[in-house]
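Enquirer: I have a structure here, written as structure tokens, and I will follow up with some questions on it.
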Amino acid sequence: MTTAARPAPAGGPVVGLDLGGTKIAAALLGADGTVLARHSRPTPAREGAAAVLDALAAAAAAVDPGHSAAVLGIAAAGVIDPRTGMVTSATDSLRGWAGTPLGVGLANRTGYAVACDNDVRATAGPELAALHADGADHGSLIFAAIGTGVGGALAVDGRMLHGAAGIAGHLGHLPSPEAAGLTCTCGAPGHLEVIASGPGIAAHYARLTGTPVDRLETVAARAAQGDAHAVTAITTGAAAAGHVLGGLANALGPDRVVVGGGVPRVGALYEDALRDAFASELMPPLRGLVPRSPLLGHDAAVLGAAALTTTLPLHHPGALR
């Protein structure tokens, strides 16, 4: 397996943006995929969609002050429909974000042609490109991002799935037996996110002990000290994720399964429980398939965002004027 999958813009520089709930990251990529400039700034998450779009435009201007690029790709939080360029759904981590015309709104502010997608799908793009680089032109991929929430991306036979309204890949909202009776952030009962995310694991520890904890790292530290309830909370969340991913693997037949995000970084206790649960679900032809860590580090989202400009529809300035 190749150890890098840097998307090279076709024919000229490209701006890549990564929009999260707390930070905007921007990069200018040269025609060979080299990062020429970087910039980051806080996300004005509580100030409304117009303020977020303005901050995105300012970040693009900071990395490309001479406007050497003609296209921009953005990896954004929320449910993004890349065909319409709309944010079709979002949590309240970005106030008023649902219903935002992301593609055209950003194109009008910057003058670039804009491609946009969900941040997890964009981050998964280089993973799919790596399969292609290894000769799997029709490779299939499951990518899970387990952190504050549980997101994902699915690629089948070389093609990233977007689905109706851009909702494909939201793995956190698959049913999980371990989450039975618990209400998910989306309001429905029994979804994976409520037991397998960082806050979900911390909440499970609090249910077991009657003692609230501030974050996942606190639970991990207590598990390392032998706290049986902390071990249970972590391994339950990991096993829940592993069972769901194993079932998906049977349905999709992936060449690669990638698990990223902050939660897996708590260590071997989590990773071993997830892998054991995953393996327990697999049909015989898939035995030997093992979840892997992402190939790229902190640049993955902006690199994937830039690559969107070669695979997704472009939204041009002027449509909202």
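Chain lettering (A, B, ...) mirrors the order of the structure tokens, residue numbering begins at 1 for each chain separately, and ligand numbering begins at 1 in order of display.
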Return as a Markdown table the residues of region 275-301 of chain A lying at most 12 Å from region 61-82 of chain A, together with the closest atom-to-atom pair for each and the distance in Å to one decimal, counting only C-alpha atoms, with rows in chain order and ascending residue number.

Expert:
```
| residue | atom | partner | partner_atom | distance |
| --- | --- | --- | --- | --- |
| A:Asp299 | CA | A:Ala75 | CA | 11.8 |
| A:Ala300 | CA | A:Ala75 | CA | 10.2 |
| A:Ala301 | CA | A:Ala75 | CA | 6.6 |
```

Enquirer: Next, dump the selected residues to file, keeping only N, CA and C atoms, as a compact mmCIF listing (two decimals), in the first residue's frame.

Expert:
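Written file, again.txt:
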```
# COMPACT_ATOMS: atom_id res chain seq x y z
N ASP A 299 -3.20 17.29 7.06
CA ASP A 299 -3.47 17.91 5.76
C ASP A 299 -4.56 17.20 4.97
N ALA A 300 -5.05 16.07 5.47
CA ALA A 300 -5.94 15.24 4.66
C ALA A 300 -7.18 15.99 4.18
N ALA A 301 -7.78 16.79 5.04
CA ALA A 301 -9.03 17.46 4.65
C ALA A 301 -8.81 18.51 3.58
```

Enquirer: Hey, which of A:Ala273, A:Ile234, A:Leu131, A:Ile24 ends up closest to Gly200 (chain A)? Count only C-alpha atoms.

Expert: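 Of the candidates, the smallest distance to Gly200 (chain A) is held by A:Ile234.
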
Enquirer: Considering only C-alpha atoms, return as a PyMOL selection string whatever protein or nucleic-acid residues lie within 12 Å of region 292-297 of chain A, sequence-local ones (same chain, fewer than 5 positions apart) excluded.

Expert: chain A and resi 1-7+120+123-131+141-146+255-265+271-272+274-275+278+302-304

Enquirer: Convert the current residue selection to file output with C-alpha atoms, as a short mmCIF file (atom, residue, chain, number, x, y, z; two decimals), in the first residue's frame.

Expert:
```cif
data_model
loop_
_atom_site.label_atom_id
_atom_site.label_comp_id
_atom_site.auth_asym_id
_atom_site.auth_seq_id
_atom_site.Cartn_x
_atom_site.Cartn_y
_atom_site.Cartn_z
CA MET A 1 0.00 0.00 0.00
CA THR A 2 1.28 3.42 -0.89
CA THR A 3 1.94 5.72 2.06
CA ALA A 4 0.78 8.95 0.44
CA ALA A 5 -2.01 9.99 -1.85
CA ARG A 6 -1.63 13.69 -2.49
CA PRO A 7 -4.15 14.86 -5.09
CA VAL A 120 -15.51 13.33 5.94
CA THR A 123 -10.99 13.50 3.76
CA ALA A 124 -11.72 10.01 2.45
CA GLY A 125 -10.92 11.07 -1.13
CA PRO A 126 -7.15 10.55 -0.80
CA GLU A 127 -7.80 7.10 0.69
CA LEU A 128 -9.76 6.15 -2.43
CA ALA A 129 -7.05 7.69 -4.61
CA ALA A 130 -4.51 5.46 -2.84
CA LEU A 131 -6.49 2.38 -3.86
CA LEU A 141 -13.75 1.81 0.71
CA ILE A 142 -15.39 2.30 4.11
CA PHE A 143 -14.07 5.35 5.96
CA ALA A 144 -15.21 6.08 9.51
CA ALA A 145 -14.40 9.26 11.42
CA ILE A 146 -15.05 8.75 15.13
CA ASP A 255 -10.87 -3.37 -0.29
CA ARG A 256 -9.96 -1.09 2.61
CA VAL A 257 -11.59 -0.01 5.87
CA VAL A 258 -10.20 3.13 7.50
CA VAL A 259 -10.98 4.34 11.01
CA GLY A 260 -9.86 7.87 11.86
CA GLY A 261 -10.80 10.69 14.18
CA GLY A 262 -9.82 11.49 17.74
CA VAL A 263 -11.42 8.55 19.56
CA PRO A 264 -9.20 5.76 18.13
CA ARG A 265 -6.17 7.66 19.38
CA GLU A 271 -8.30 -0.44 18.78
CA ASP A 272 -8.20 -4.06 19.91
CA LEU A 274 -12.93 -2.52 17.62
CA ARG A 275 -10.87 -4.94 15.54
CA PHE A 278 -15.15 -6.15 13.35
CA VAL A 302 -7.56 20.38 2.69
CA LEU A 303 -5.87 18.01 0.24
CA GLY A 304 -9.12 16.16 -0.22
#
```

Enquirer: To one decimal place, how far is CA of Leu53 (chain A) from CA of Leu29 (chain A) in Å?

Expert: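 So the two atoms, CA of Leu53 (chain A) and CA of Leu29 (chain A), lie 20.8 Å apart.
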
Enquirer: What is the CA of Ser280 (chain A)-CA of Asn250 (chain A) distance in Å, reported with one decimal?

Expert: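 Computing the Euclidean distance for CA of Ser280 (chain A) and CA of Asn250 (chain A) yields 11.4 Å.
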
Enquirer: Using 12 Å as the limit and counting only C-alpha atoms, can you tabulate each residue of region 193-268 of chain A that touches region 281-290 of chain A, with its shortest atom-to-atom distance in Å and the two atoms involved, as CSV?

Expert:
```
residue,atom,partner,partner_atom,distance
A:Ala239,CA,A:Glu281,CA,10.9
A:Ala240,CA,A:Glu281,CA,11.4
A:Ala241,CA,A:Glu281,CA,11.5
A:Gly242,CA,A:Glu281,CA,8.4
A:His243,CA,A:Glu281,CA,6.3
A:Val244,CA,A:Glu281,CA,8.6
A:Leu245,CA,A:Glu281,CA,8.6
A:Gly246,CA,A:Glu281,CA,5.1
A:Gly247,CA,A:Glu281,CA,6.1
A:Leu248,CA,A:Glu281,CA,9.3
A:Ala249,CA,A:Leu282,CA,7.3
A:Asn250,CA,A:Leu282,CA,6.2
A:Ala251,CA,A:Met283,CA,9.9
A:Leu252,CA,A:Leu286,CA,10.6
A:Gly253,CA,A:Leu286,CA,7.4
A:Pro254,CA,A:Leu286,CA,8.6
A:Asp255,CA,A:Leu289,CA,7.9
A:Arg256,CA,A:Leu289,CA,7.4
A:Val257,CA,A:Val290,CA,6.9
A:Val258,CA,A:Val290,CA,8.8
A:Val259,CA,A:Val290,CA,10.1
```

Enquirer: List every residue of region 61-298 of chain A that DSSP, applied to the backbone of this structure, assigns to strand (DSSP E or B), and report them as a VMD selection string.

Expert: chain A and resid 71 to 76 79 to 81 86 to 89 101 113 to 118 141 to 146 150 to 156 159 to 160 175 183 189 191 256 to 260 292

Enquirer: Tell me, which residues of region 48-115 of chain A carry DSSP helix (DSSP H, G or I), written as a PyMOL selection string?

Expert: chain A and resi 49-63+102-110

Enquirer: Given the choices A:Ala133, A:Ala268, A:Ala51, A:Ala224, which gets closest to Thr100 (chain A) if the distance is worked out from only C-alpha atoms?

Expert: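 Between A:Ala133, A:Ala268, A:Ala51, A:Ala224, the residue approaching Thr100 (chain A) most closely is A:Ala51.
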
Enquirer: What's the 7 Å shell around region 36-38 of chain A, counting only C-alpha atoms, without same-chain residues fewer than 2 positions away, as a count of residues only?

Expert: 7

Enquirer: For Gly169 (chain A), find every residue with an atom within 6 Å (counting only C-alpha atoms), except residues of its own chain fewer than 6 positions away, and show them as a list in words.

Expert: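 Result of the neighbour search: Gly152, Ala153 and Leu154 of chain A.
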
Enquirer: For CA of Glu217 (chain A) and CA of Ile201 (chain A), quote the distance in Å rounded to one decimal.

Expert: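 Those two atoms sit 10.2 Å apart.
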
Enquirer: Using only C-alpha atoms, determine which residues lie at most 6 Å from region 172-174 of chain A, disregarding the query and same-chain residues fewer than 2 positions distant; provide the list as a list of chain:residue names.

Expert: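 Counting only the stated atoms, we get A:Val150, A:Gly151, A:His170, A:His191, A:Leu192, A:Glu193.
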
Enquirer: Taking into account only C-alpha atoms, which residue in the set A:Arg83, A:Arg95, A:Ala188, A:Asp227 is nearest to Gly163 (chain A)?

Expert: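 The answer is A:Arg83, which sits nearest to Gly163 (chain A).
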